[in-house]
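Asker: What follows is upload-v6.cif; its format and atoms are mmCIF, C-alpha atoms.
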```cif
data_query
#
loop_
_atom_site.label_atom_id
_atom_site.label_comp_id
_atom_site.auth_asym_id
_atom_site.auth_seq_id
_atom_site.Cartn_x
_atom_site.Cartn_y
_atom_site.Cartn_z
CA MET A 1 -83.81 87.17 94.00
CA MET A 2 -82.96 88.40 90.52
CA LYS A 3 -81.63 85.72 88.19
CA ILE A 4 -80.96 84.84 84.56
CA SER A 5 -83.72 82.38 83.74
CA GLN A 6 -82.99 81.83 80.04
CA VAL A 7 -80.19 82.26 77.51
CA LYS A 8 -80.76 82.19 73.74
CA LEU A 9 -77.84 81.91 71.32
CA LYS A 10 -78.28 82.23 67.58
CA GLY A 11 -75.47 81.99 65.05
CA TYR A 12 -72.87 82.39 67.80
CA ARG A 13 -69.59 80.47 67.53
CA ASN A 14 -70.54 76.76 67.64
CA PHE A 15 -74.20 77.44 68.50
CA LYS A 16 -76.49 77.52 65.45
CA GLU A 17 -79.57 78.04 67.64
CA ALA A 18 -79.88 77.11 71.29
CA THR A 19 -82.14 77.96 74.23
CA VAL A 20 -80.85 77.17 77.71
CA ASN A 21 -83.05 77.50 80.80
CA LEU A 22 -81.25 78.28 84.05
CA THR A 23 -82.13 78.04 87.74
CA ASP A 24 -80.74 79.92 90.76
CA LYS A 25 -77.70 77.65 90.70
CA THR A 26 -76.84 75.88 87.47
CA LEU A 27 -74.03 73.42 86.77
CA ILE A 28 -73.17 72.95 83.10
CA ILE A 29 -71.48 69.63 82.29
CA GLY A 30 -70.17 68.45 78.94
CA ALA A 31 -67.25 66.96 77.05
CA ASN A 32 -64.29 69.07 75.99
CA ASP A 33 -64.84 71.53 73.12
CA VAL A 34 -68.64 71.33 73.11
CA GLY A 35 -69.11 75.05 73.86
CA LYS A 36 -69.16 75.51 77.66
CA THR A 37 -66.59 78.32 77.56
CA ASN A 38 -68.33 79.86 74.53
CA PHE A 39 -71.59 79.83 76.47
CA LEU A 40 -70.01 81.64 79.44
CA TYR A 41 -68.35 84.18 77.16
CA ALA A 42 -71.75 84.96 75.64
CA LEU A 43 -72.94 86.01 79.11
CA ARG A 44 -69.79 88.06 79.58
CA LEU A 45 -70.38 90.01 76.35
CA LEU A 46 -73.38 91.62 78.02
CA LEU A 47 -72.46 91.56 81.70
CA ASP A 48 -68.71 91.48 82.35
CA ARG A 49 -67.48 94.97 83.15
CA SER A 50 -63.87 93.77 83.12
CA LEU A 51 -64.21 93.49 79.33
CA SER A 52 -63.48 96.72 77.44
CA GLU A 53 -65.50 98.08 74.53
CA PHE A 54 -62.83 96.65 72.24
CA ASP A 55 -63.11 93.22 73.90
CA ILE A 56 -66.84 93.00 73.22
CA ASP A 57 -66.59 94.09 69.57
CA PRO A 58 -67.60 91.20 67.29
CA LYS A 59 -64.73 89.08 66.00
CA ASP A 60 -64.85 86.85 62.94
CA SER A 61 -64.56 83.88 65.29
CA ASP A 62 -67.83 84.93 67.03
CA PHE A 63 -69.96 84.18 63.96
CA TYR A 64 -71.36 80.68 63.49
CA ALA A 65 -68.52 78.36 62.55
CA TYR A 66 -70.27 75.83 60.30
CA GLU A 67 -72.35 77.95 57.94
CA GLU A 68 -71.92 81.36 56.32
CA THR A 69 -73.62 84.01 58.43
CA ASN A 70 -73.14 87.71 59.04
CA GLU A 71 -75.19 88.09 62.21
CA PHE A 72 -75.35 86.48 65.61
CA SER A 73 -77.27 87.25 68.78
CA VAL A 74 -77.12 86.56 72.51
CA THR A 75 -80.33 87.11 74.48
CA LEU A 76 -80.58 86.98 78.27
CA LYS A 77 -83.87 86.82 80.11
CA PHE A 78 -83.90 88.09 83.70
CA GLU A 79 -86.66 87.56 86.24
CA ASP A 80 -87.45 89.26 89.57
CA ALA A 81 -85.52 92.41 88.69
CA SER A 82 -84.10 94.15 91.76
CA ASP A 83 -84.95 97.75 92.63
CA ILE A 84 -81.39 98.79 91.76
CA VAL A 85 -81.72 97.31 88.26
CA ARG A 86 -85.18 98.81 87.79
CA THR A 87 -83.78 102.31 88.31
CA LYS A 88 -81.30 101.72 85.46
CA PHE A 89 -83.74 100.25 82.94
CA LYS A 90 -87.04 101.84 84.04
CA GLU A 91 -89.62 101.29 81.27
CA ALA A 92 -87.57 98.43 79.75
CA ILE A 93 -88.68 96.15 82.62
CA SER A 94 -92.16 94.66 82.85
CA ASP A 95 -94.37 95.06 85.91
CA GLU A 96 -93.53 91.44 86.79
CA GLY A 97 -89.82 92.25 86.86
CA VAL A 98 -88.89 90.63 83.53
CA LEU A 99 -86.00 92.12 81.55
CA PHE A 100 -84.41 91.05 78.27
CA LEU A 101 -80.87 92.09 77.35
CA LYS A 102 -79.79 91.37 73.79
CA TYR A 103 -76.44 91.60 72.03
CA ILE A 104 -76.44 91.56 68.23
CA GLY A 105 -73.22 91.32 66.27
CA LYS A 106 -73.28 92.18 62.56
CA ARG A 107 -70.73 91.88 59.75
CA ASP A 108 -70.91 93.60 56.38
CA PRO A 109 -70.58 90.79 53.79
CA HIS A 110 -68.63 93.04 51.40
CA SER A 111 -66.33 95.18 53.54
CA GLY A 112 -66.13 92.82 56.53
CA LYS A 113 -66.85 95.73 58.90
CA LYS A 114 -68.29 94.51 62.19
CA GLU A 115 -70.57 96.28 64.67
CA ALA A 116 -72.21 95.46 67.98
CA PHE A 117 -75.60 96.60 69.27
CA ILE A 118 -77.06 96.11 72.76
CA TYR A 119 -80.81 96.26 73.38
CA ALA A 120 -83.07 96.07 76.44
CA GLY A 121 -86.80 95.51 76.78
CA GLU A 122 -89.57 93.68 78.56
CA GLU A 123 -90.18 91.37 75.57
CA ASP A 124 -87.82 89.63 73.15
CA GLN A 125 -89.26 91.28 70.06
CA GLN A 126 -87.23 93.70 67.98
CA ASN A 127 -89.97 96.34 67.95
CA LYS A 128 -90.20 96.12 71.78
CA LEU A 129 -86.46 96.49 72.41
CA GLN A 130 -84.62 99.77 73.03
CA LEU A 131 -81.14 100.37 71.65
CA LEU A 132 -78.80 101.22 74.54
CA GLN A 133 -76.13 103.88 74.26
CA GLY A 134 -73.29 102.26 76.16
CA ARG A 135 -73.13 99.74 78.99
CA TYR A 136 -74.09 102.14 81.78
CA TYR A 137 -76.13 99.38 83.44
CA LEU A 138 -73.03 97.40 84.47
CA ARG A 139 -72.74 99.26 87.79
CA ALA A 140 -76.13 97.86 88.74
CA LEU A 141 -76.11 94.51 86.92
CA ASN A 142 -72.99 92.51 86.14
CA ILE A 143 -71.28 89.15 86.18
CA LYS A 144 -68.22 88.10 88.17
CA TYR A 145 -66.31 85.47 86.27
CA ILE A 146 -63.45 83.17 87.23
CA GLY A 147 -61.80 81.33 84.35
CA SER A 148 -60.36 77.82 84.50
CA ASN A 149 -56.76 79.12 84.40
CA ARG A 150 -56.97 81.24 87.50
CA ASP A 151 -54.21 82.86 89.50
CA LEU A 152 -55.62 81.99 92.89
CA SER A 153 -52.99 83.87 94.91
CA SER A 154 -53.69 87.14 93.09
CA PHE A 155 -57.45 86.61 93.36
CA ILE A 156 -57.20 85.99 97.11
CA ARG A 157 -55.05 89.08 97.71
CA ARG A 158 -57.49 91.27 95.79
CA GLU A 159 -60.65 89.85 97.34
CA LYS A 160 -59.13 90.05 100.83
CA LYS A 161 -58.52 93.75 100.30
CA TYR A 162 -62.14 94.33 99.21
CA LEU A 163 -63.49 92.29 102.12
CA LEU A 164 -61.48 94.31 104.67
CA GLN A 165 -62.59 97.60 103.12
CA GLU A 166 -66.26 96.63 103.20
CA ALA A 167 -65.93 95.41 106.79
CA LYS A 168 -64.38 98.77 107.70
CA GLU A 169 -67.30 100.66 106.21
CA GLU A 170 -69.77 98.50 108.16
CA ARG A 171 -68.34 99.50 111.56
CA SER A 172 -70.36 101.47 114.08
CA SER A 173 -68.91 104.71 115.49
CA SER A 174 -68.06 102.98 118.80
CA GLU A 175 -66.25 100.15 116.97
CA GLU A 176 -64.32 102.70 114.93
CA THR A 177 -63.21 104.49 118.12
CA ILE A 178 -62.00 101.20 119.63
CA ASP A 179 -60.14 100.32 116.42
CA ASN A 180 -58.42 103.72 116.35
CA GLY A 181 -57.07 103.10 119.84
CA ILE A 182 -55.82 99.63 118.85
CA GLN A 183 -54.16 101.04 115.71
CA GLU A 184 -52.33 103.63 117.81
CA THR A 185 -50.99 100.81 120.00
CA VAL A 186 -49.94 98.87 116.89
CA GLN A 187 -48.09 101.94 115.56
CA ASN A 188 -46.09 102.28 118.78
CA GLN A 189 -45.24 98.59 118.68
CA LEU A 190 -44.15 98.80 115.03
CA GLU A 191 -41.82 101.70 115.80
CA GLU A 192 -40.27 99.72 118.66
CA ILE A 193 -39.86 96.58 116.51
CA ASN A 194 -38.19 98.51 113.69
CA THR A 195 -35.82 100.24 116.14
CA ASN A 196 -34.81 96.89 117.64
CA ILE A 197 -34.27 95.30 114.24
CA GLN A 198 -31.88 98.05 113.22
CA GLN A 199 -29.76 97.33 116.33
CA LEU A 200 -29.02 93.76 115.23
CA ASN A 201 -25.29 93.46 114.38
CA TYR A 202 -25.78 91.59 111.11
CA ILE A 203 -28.39 94.16 110.01
CA LYS A 204 -25.91 96.97 110.72
CA LYS A 205 -23.19 95.19 108.74
CA ALA A 206 -25.52 94.46 105.83
CA THR A 207 -26.53 98.10 105.44
CA LYS A 208 -23.12 99.66 106.18
CA GLY A 209 -21.62 98.74 102.81
CA ILE A 210 -24.71 99.84 100.90
CA ASN A 211 -24.71 103.28 102.53
CA GLU A 212 -20.98 103.79 101.99
CA GLU A 213 -21.33 103.05 98.26
CA LEU A 214 -24.40 105.29 97.96
CA ASN A 215 -22.52 108.20 99.56
CA LEU A 216 -19.73 107.82 96.99
CA LEU A 217 -22.21 107.73 94.12
CA SER A 218 -24.31 110.73 95.20
CA VAL A 219 -23.05 113.42 97.55
CA HIS A 220 -26.43 115.16 97.25
CA ASN A 221 -28.06 112.31 99.15
CA ALA A 222 -25.39 112.00 101.84
CA SER A 223 -27.99 112.58 104.55
CA HIS A 224 -30.09 109.64 103.30
CA GLU A 225 -29.62 106.25 104.91
CA ILE A 226 -30.80 102.80 103.82
CA ILE A 227 -32.25 100.71 106.64
CA PHE A 228 -34.10 97.42 107.09
CA GLU A 229 -37.72 97.61 108.28
CA ALA A 230 -40.06 94.90 109.49
CA GLY A 231 -42.93 96.72 107.83
CA SER A 232 -44.62 100.05 107.36
CA TYR A 233 -44.85 102.42 110.32
CA GLU A 234 -48.42 103.14 109.21
CA PRO A 235 -50.75 100.60 110.91
CA SER A 236 -53.33 100.56 108.10
CA ALA A 237 -50.65 99.80 105.49
CA PHE A 238 -49.16 97.12 107.75
CA ILE A 239 -52.57 95.50 108.20
CA ASP A 240 -53.39 95.69 104.48
CA SER A 241 -50.17 93.81 103.71
CA SER A 242 -51.12 90.98 106.09
CA HIS A 243 -51.84 87.60 104.56
CA LEU A 244 -54.31 84.80 105.21
CA ALA A 245 -52.97 81.77 107.08
CA SER A 246 -54.44 78.51 108.34
CA LYS A 247 -54.31 77.89 112.10
CA VAL A 248 -54.18 74.27 113.27
CA ASN A 249 -53.78 73.39 116.96
CA GLY A 250 -52.58 76.92 117.69
CA ARG A 251 -49.96 76.92 114.92
CA ASN A 252 -50.01 78.94 111.72
CA LEU A 253 -49.62 77.06 108.46
CA ALA A 254 -48.92 78.67 105.10
CA ILE A 255 -51.79 78.35 102.64
CA GLY A 256 -50.25 76.91 99.51
CA GLY A 257 -52.34 74.10 98.01
CA ASP A 258 -54.40 75.03 94.96
CA GLY A 259 -57.38 73.08 96.25
CA ARG A 260 -57.39 74.93 99.56
CA ASN A 261 -56.77 78.27 97.82
CA ASN A 262 -59.74 77.53 95.56
CA GLN A 263 -61.98 76.98 98.58
CA ILE A 264 -60.67 80.09 100.36
CA PHE A 265 -61.25 82.27 97.32
CA LEU A 266 -64.83 81.07 96.86
CA SER A 267 -65.41 81.60 100.60
CA LEU A 268 -64.11 85.17 100.32
CA TRP A 269 -66.54 85.79 97.49
CA ALA A 270 -69.43 84.35 99.49
CA SER A 271 -68.51 86.44 102.55
CA ARG A 272 -68.43 89.66 100.53
CA ASN A 273 -71.75 88.80 98.95
CA LYS A 274 -73.41 88.25 102.36
CA MET A 275 -72.07 91.57 103.65
CA GLU A 276 -73.63 93.38 100.71
CA GLU A 277 -77.07 91.77 101.09
CA ASP A 278 -78.25 94.26 103.73
CA ALA A 279 -77.42 97.33 101.60
CA PRO A 280 -76.93 96.09 98.03
CA THR A 281 -75.50 98.48 95.47
CA GLU A 282 -75.57 96.06 92.54
CA THR A 283 -76.97 92.75 91.35
CA VAL A 284 -74.18 90.28 90.66
CA ILE A 285 -74.29 86.99 88.75
CA PHE A 286 -71.45 84.60 89.62
CA ALA A 287 -69.90 82.42 86.88
CA ILE A 288 -67.11 79.97 87.74
CA GLU A 289 -65.51 77.93 84.99
CA GLU A 290 -64.42 74.45 86.06
CA PRO A 291 -65.40 74.94 89.73
CA GLU A 292 -63.99 71.49 90.47
CA ALA A 293 -60.49 72.53 89.33
CA HIS A 294 -57.80 71.55 91.90
CA LEU A 295 -60.38 69.95 94.20
CA HIS A 296 -60.12 66.33 95.31
CA PRO A 297 -63.20 64.19 94.41
CA CYS A 298 -63.92 63.71 98.13
CA THR A 299 -64.12 67.45 98.80
CA ASN A 300 -67.53 68.55 100.07
CA PRO A 301 -69.37 70.53 97.36
CA LEU A 302 -69.82 74.25 98.03
#
```
Starting from the coordinates I provided, produce the structure as structure tokens.

Answerer:
Amino acid sequence: MMKISQVKLKGYRNFKEATVNLTDKTLIIGANDVGKTNFLYALRLLLDRSLSEFDIDPKDSDFYAYEETNEFSVTLKFEDASDIVRTKFKEAISDEGVLFLKYIGKRDPHSGKKEAFIYAGEEDQQNKLQLLQGRYYLRALNIKYIGSNRDLSSFIRREKKYLLQEAKEERSSSEETIDNGIQETVQNQLEEINTNIQQLNYIKKATKGINEELNLLSVHNASHEIIFEAGSYEPSAFIDSSHLASKVNGRNLAIGGDGRNNQIFLSLWASRNKMEEDAPTETVIFAIEEPEAHLHPCTNPL
């Protein structure tokens, strides 16, 4: 399995010079303001495709904070490069599957102009590294990052959508045929539900006033009518708008606690990752800041 085995930081933020060796799963622990977030952001400079070109441009705050310097570097060493990554980097990877990615930020001492350069190679030596034109490799090799201040509800909604889409694409032709029949049944049921809802007396009264006022405001739309609907008539849209719920003793409970949402989100991530293992299209490194956030000390570790 491809992994980052080593990270070297030189002249970067609060790191004068540091080498950190990583394993398949690494937990970084330290006091506040010692550089944990800075360390993760260094990885993101090279691997986070959610960051724009502007985001990864060097900032004055990226240069070493305690001494005057006009250059910093972030070097990542990868081992056991996957076939997908090999096709992107080709001769930059050694026969043993070792790849180095290097970010160098420079600042002109006179004008203050700042530039970024990204290199790749099988050895961490400047004459063995190739200057890359853009971050084209991110489709094959990237990092998925969750910060400490995370909007868990938004994350869950987005990841749920991706999980459903990937599960759809994994269906066999026979499963797809069965699903199409079920969706047709759902559509008929939705139409019946919406028709019944519109017959409720308080629904009729609620919409009557709205439609009367709309007719006065716009004679061109006199044929239009505002109605209440339970949901979309389109089954796929109705299903996509469904939400996750917890079932206990046959009853549905709303998922609201941050701790539980944290666990559900990480489980969604893990599920998507397992589904992609059979036919991987990219190599993904997962980085979670403050994984313990919102979790009770007695919670089983993931």

Asker: Taking (-71.7, 84.6, 59.8) in the file's coordinates as the center, which residues reach within 10 Å of it, counting all atoms listed in the file, put as a PyMOL selection string?

Answerer: chain A and resi 11-13+60-72+105-109

Asker: Please report the interatomic distance between atom CA of Ala31 of chain A and atom CA of Glu289 of chain A in Å with one decimal.

Answerer: 13.7 Å

Asker: Just so the selection is clear, what residues does the PyMOL selection byres ((chain A and resi 143) around 9) cover here, as a PDB file with C-alpha atoms, in the coordinates of the input?

Answerer:
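Generated output (selection.pdb):
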```
ATOM      1  CA  LEU A  43     -72.940  86.010  79.110  1.00  0.00           C
ATOM      2  CA  ARG A  44     -69.790  88.060  79.580  1.00  0.00           C
ATOM      3  CA  LEU A  46     -73.380  91.620  78.020  1.00  0.00           C
ATOM      4  CA  LEU A  47     -72.460  91.560  81.700  1.00  0.00           C
ATOM      5  CA  ASP A  48     -68.710  91.480  82.350  1.00  0.00           C
ATOM      6  CA  ARG A  49     -67.480  94.970  83.150  1.00  0.00           C
ATOM      7  CA  LEU A 138     -73.030  97.400  84.470  1.00  0.00           C
ATOM      8  CA  LEU A 141     -76.110  94.510  86.920  1.00  0.00           C
ATOM      9  CA  ASN A 142     -72.990  92.510  86.140  1.00  0.00           C
ATOM     10  CA  LYS A 144     -68.220  88.100  88.170  1.00  0.00           C
ATOM     11  CA  TYR A 145     -66.310  85.470  86.270  1.00  0.00           C
ATOM     12  CA  THR A 283     -76.970  92.750  91.350  1.00  0.00           C
ATOM     13  CA  VAL A 284     -74.180  90.280  90.660  1.00  0.00           C
ATOM     14  CA  ILE A 285     -74.290  86.990  88.750  1.00  0.00           C
ATOM     15  CA  PHE A 286     -71.450  84.600  89.620  1.00  0.00           C
ATOM     16  CA  ALA A 287     -69.900  82.420  86.880  1.00  0.00           C
TER      17      ALA A 287
END
```

Asker: Would you kindly return, as a VMD selection string, each protein, DNA or RNA residue with an atom no farther than 7 Å from any atom of segment 120-122 of chain A, considering only C-alpha atoms and excluding same-chain residues fewer than 6 positions away?

Answerer: chain A and resid 92 to 94 98 to 102 128 to 132

Asker: Can those selected residues be exported to a file as a PDB file, in the frame of the given file so that it contains C-alpha atoms?

Answerer:
```pdb
ATOM      1  CA  ALA A  92     -87.570  98.430  79.750  1.00  0.00           C
ATOM      2  CA  ILE A  93     -88.680  96.150  82.620  1.00  0.00           C
ATOM      3  CA  SER A  94     -92.160  94.660  82.850  1.00  0.00           C
ATOM      4  CA  VAL A  98     -88.890  90.630  83.530  1.00  0.00           C
ATOM      5  CA  LEU A  99     -86.000  92.120  81.550  1.00  0.00           C
ATOM      6  CA  PHE A 100     -84.410  91.050  78.270  1.00  0.00           C
ATOM      7  CA  LEU A 101     -80.870  92.090  77.350  1.00  0.00           C
ATOM      8  CA  LYS A 102     -79.790  91.370  73.790  1.00  0.00           C
ATOM      9  CA  LYS A 128     -90.200  96.120  71.780  1.00  0.00           C
ATOM     10  CA  LEU A 129     -86.460  96.490  72.410  1.00  0.00           C
ATOM     11  CA  GLN A 130     -84.620  99.770  73.030  1.00  0.00           C
ATOM     12  CA  LEU A 131     -81.140 100.370  71.650  1.00  0.00           C
ATOM     13  CA  LEU A 132     -78.800 101.220  74.540  1.00  0.00           C
TER      14      LEU A 132
END
```

Asker: Quick check, in Å to one decimal: how far apart do atom CA of Lys10 of chain A and atom CA of Asp55 of chain A lie?

Answerer: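 These atoms are spaced 19.8 Å apart.
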
Asker: If you measure from atom CA of Ile28 of chain A to atom CA of Pro291 of chain A, what distance in Å do you get, rounded to one decimal?

Answerer: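 Those two atoms sit 10.4 Å apart.
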
Asker: Counting only C-alpha atoms, which residues sit no farther than 7 Å from the position (-63.8, 79.1, 84.6) in the file's frame? I'd like them as a ChimeraX atom specification.

Answerer: /A:146-148,288-291

Asker: Please expand the PyMOL selection byres ((chain A and resi 57) around 9) into the concrete residues it hits in this file, giving the result as a CSV table (one decimal) with C-alpha atoms, in the frame of the given file.

Answerer:
```
chain,number,residue,atom,x,y,z
A,45,LEU,CA,-70.4,90.0,76.4
A,52,SER,CA,-63.5,96.7,77.4
A,53,GLU,CA,-65.5,98.1,74.5
A,54,PHE,CA,-62.8,96.6,72.2
A,55,ASP,CA,-63.1,93.2,73.9
A,56,ILE,CA,-66.8,93.0,73.2
A,58,PRO,CA,-67.6,91.2,67.3
A,59,LYS,CA,-64.7,89.1,66.0
A,105,GLY,CA,-73.2,91.3,66.3
A,114,LYS,CA,-68.3,94.5,62.2
A,115,GLU,CA,-70.6,96.3,64.7
A,116,ALA,CA,-72.2,95.5,68.0
```

Asker: Here is a test: counting all atoms listed in the file, which residue of A:Lys161, A:Lys8, A:Lys3, A:Lys168 is nearest to Leu76 of chain A?

Answerer: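 Nearest candidate to Leu76 of chain A out of A:Lys161, A:Lys8, A:Lys3, A:Lys168: A:Lys8.
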
Asker: If we count all atoms listed in the file and set the cut-off at 10 Å, which residues sit around Glu184 of chain A, ignoring sequence neighbours fewer than 5 positions away in its own chain? Please answer as a ChimeraX atom specification.

Answerer: /A:179,189-190,234-235

Asker: For Gln165 of chain A, which residue out of A:Asn32, A:Ser236, A:Ser50, A:Val74 is the nearest one, using only C-alpha atoms?

Answerer: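 Counting only C-alpha atoms, the residue closest to Gln165 of chain A is A:Ser236.
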
Asker: Would you place a box with edges along x, y and z of the file around all atoms of segment 16-24 of chain A listed there, add 3 Å to each of its six sides, and report the centre and edge lengths in Å to one decimal, as JSON?

Answerer:
```
{"center_x": -79.8, "center_y": 78.5, "center_z": 78.1, "size_x": 12.6, "size_y": 8.8, "size_z": 31.3}
```

Asker: Applying 6 Å and all atoms listed in the file, which residues near Tyr103 of chain A remain after dropping the ones on its own chain fewer than 3 positions away? List them as a list in words.

Answerer: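 So, after excluding close chain neighbours, the residues are Ser73, Val74, Phe117 and Ile118 of chain A.
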
Asker: Choose the residue, out of A:Glu292, A:Asn127, A:Asn215, A:Gln6, that has the smallest atom-to-atom separation from Leu27 of chain A; count only C-alpha atoms.

Answerer: A:Glu292

Asker: Of the residues A:Lys160, A:Ser267, A:Thr185, A:Thr75, which is the one nearest to Gln125 of chain A, using all atoms listed in the file?

Answerer: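 Closest residue, counting all atoms listed in the file: A:Thr75.
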
Asker: Starting from the sparse input, extend segment 100-115 of chain A to N, CA and C atoms and give the output as a PDB file, keeping the file's coordinate frame.

Answerer:
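Contents of selection.pdb, as written:
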```pdb
ATOM      1  N   PHE A 100     -85.213  91.714  79.296  1.00  0.00           N
ATOM      2  CA  PHE A 100     -84.410  91.050  78.270  1.00  0.00           C
ATOM      3  C   PHE A 100     -83.247  91.970  77.893  1.00  0.00           C
ATOM      4  N   LEU A 101     -82.048  91.403  77.873  1.00  0.00           N
ATOM      5  CA  LEU A 101     -80.870  92.090  77.350  1.00  0.00           C
ATOM      6  C   LEU A 101     -80.416  91.319  76.115  1.00  0.00           C
ATOM      7  N   LYS A 102     -80.134  92.046  75.048  1.00  0.00           N
ATOM      8  CA  LYS A 102     -79.790  91.370  73.790  1.00  0.00           C
ATOM      9  C   LYS A 102     -78.568  92.009  73.149  1.00  0.00           C
ATOM     10  N   TYR A 103     -77.635  91.176  72.762  1.00  0.00           N
ATOM     11  CA  TYR A 103     -76.440  91.600  72.030  1.00  0.00           C
ATOM     12  C   TYR A 103     -76.569  91.080  70.604  1.00  0.00           C
ATOM     13  N   ILE A 104     -76.418  91.975  69.639  1.00  0.00           N
ATOM     14  CA  ILE A 104     -76.440  91.560  68.230  1.00  0.00           C
ATOM     15  C   ILE A 104     -75.134  91.996  67.578  1.00  0.00           C
ATOM     16  N   GLY A 105     -74.441  91.034  67.005  1.00  0.00           N
ATOM     17  CA  GLY A 105     -73.220  91.320  66.270  1.00  0.00           C
ATOM     18  C   GLY A 105     -73.486  91.198  64.771  1.00  0.00           C
ATOM     19  N   LYS A 106     -73.048  92.188  64.000  1.00  0.00           N
ATOM     20  CA  LYS A 106     -73.280  92.180  62.560  1.00  0.00           C
ATOM     21  C   LYS A 106     -71.969  92.371  61.805  1.00  0.00           C
ATOM     22  N   ARG A 107     -71.911  91.761  60.604  1.00  0.00           N
ATOM     23  CA  ARG A 107     -70.730  91.880  59.750  1.00  0.00           C
ATOM     24  C   ARG A 107     -71.172  92.187  58.331  1.00  0.00           C
ATOM     25  N   ASP A 108     -70.594  93.252  57.765  1.00  0.00           N
ATOM     26  CA  ASP A 108     -70.910  93.600  56.380  1.00  0.00           C
ATOM     27  C   ASP A 108     -70.287  92.548  55.464  1.00  0.00           C
ATOM     28  N   PRO A 109     -71.104  91.884  54.632  1.00  0.00           N
ATOM     29  CA  PRO A 109     -70.580  90.790  53.790  1.00  0.00           C
ATOM     30  C   PRO A 109     -69.556  91.252  52.755  1.00  0.00           C
ATOM     31  N   HIS A 110     -69.546  92.531  52.435  1.00  0.00           N
ATOM     32  CA  HIS A 110     -68.630  93.040  51.400  1.00  0.00           C
ATOM     33  C   HIS A 110     -67.351  93.622  52.016  1.00  0.00           C
ATOM     34  N   SER A 111     -67.511  94.523  52.961  1.00  0.00           N
ATOM     35  CA  SER A 111     -66.330  95.180  53.540  1.00  0.00           C
ATOM     36  C   SER A 111     -65.761  94.411  54.730  1.00  0.00           C
ATOM     37  N   GLY A 112     -66.581  93.552  55.340  1.00  0.00           N
ATOM     38  CA  GLY A 112     -66.130  92.820  56.530  1.00  0.00           C
ATOM     39  C   GLY A 112     -66.215  93.632  57.806  1.00  0.00           C
ATOM     40  N   LYS A 113     -66.727  94.873  57.716  1.00  0.00           N
ATOM     41  CA  LYS A 113     -66.850  95.730  58.900  1.00  0.00           C
ATOM     42  C   LYS A 113     -67.834  95.108  59.888  1.00  0.00           C
ATOM     43  N   LYS A 114     -67.468  95.146  61.163  1.00  0.00           N
ATOM     44  CA  LYS A 114     -68.290  94.510  62.190  1.00  0.00           C
ATOM     45  C   LYS A 114     -68.767  95.541  63.223  1.00  0.00           C
ATOM     46  N   GLU A 115     -69.992  95.371  63.681  1.00  0.00           N
ATOM     47  CA  GLU A 115     -70.570  96.280  64.670  1.00  0.00           C
ATOM     48  C   GLU A 115     -71.346  95.487  65.713  1.00  0.00           C
TER      49      GLU A 115
END
```
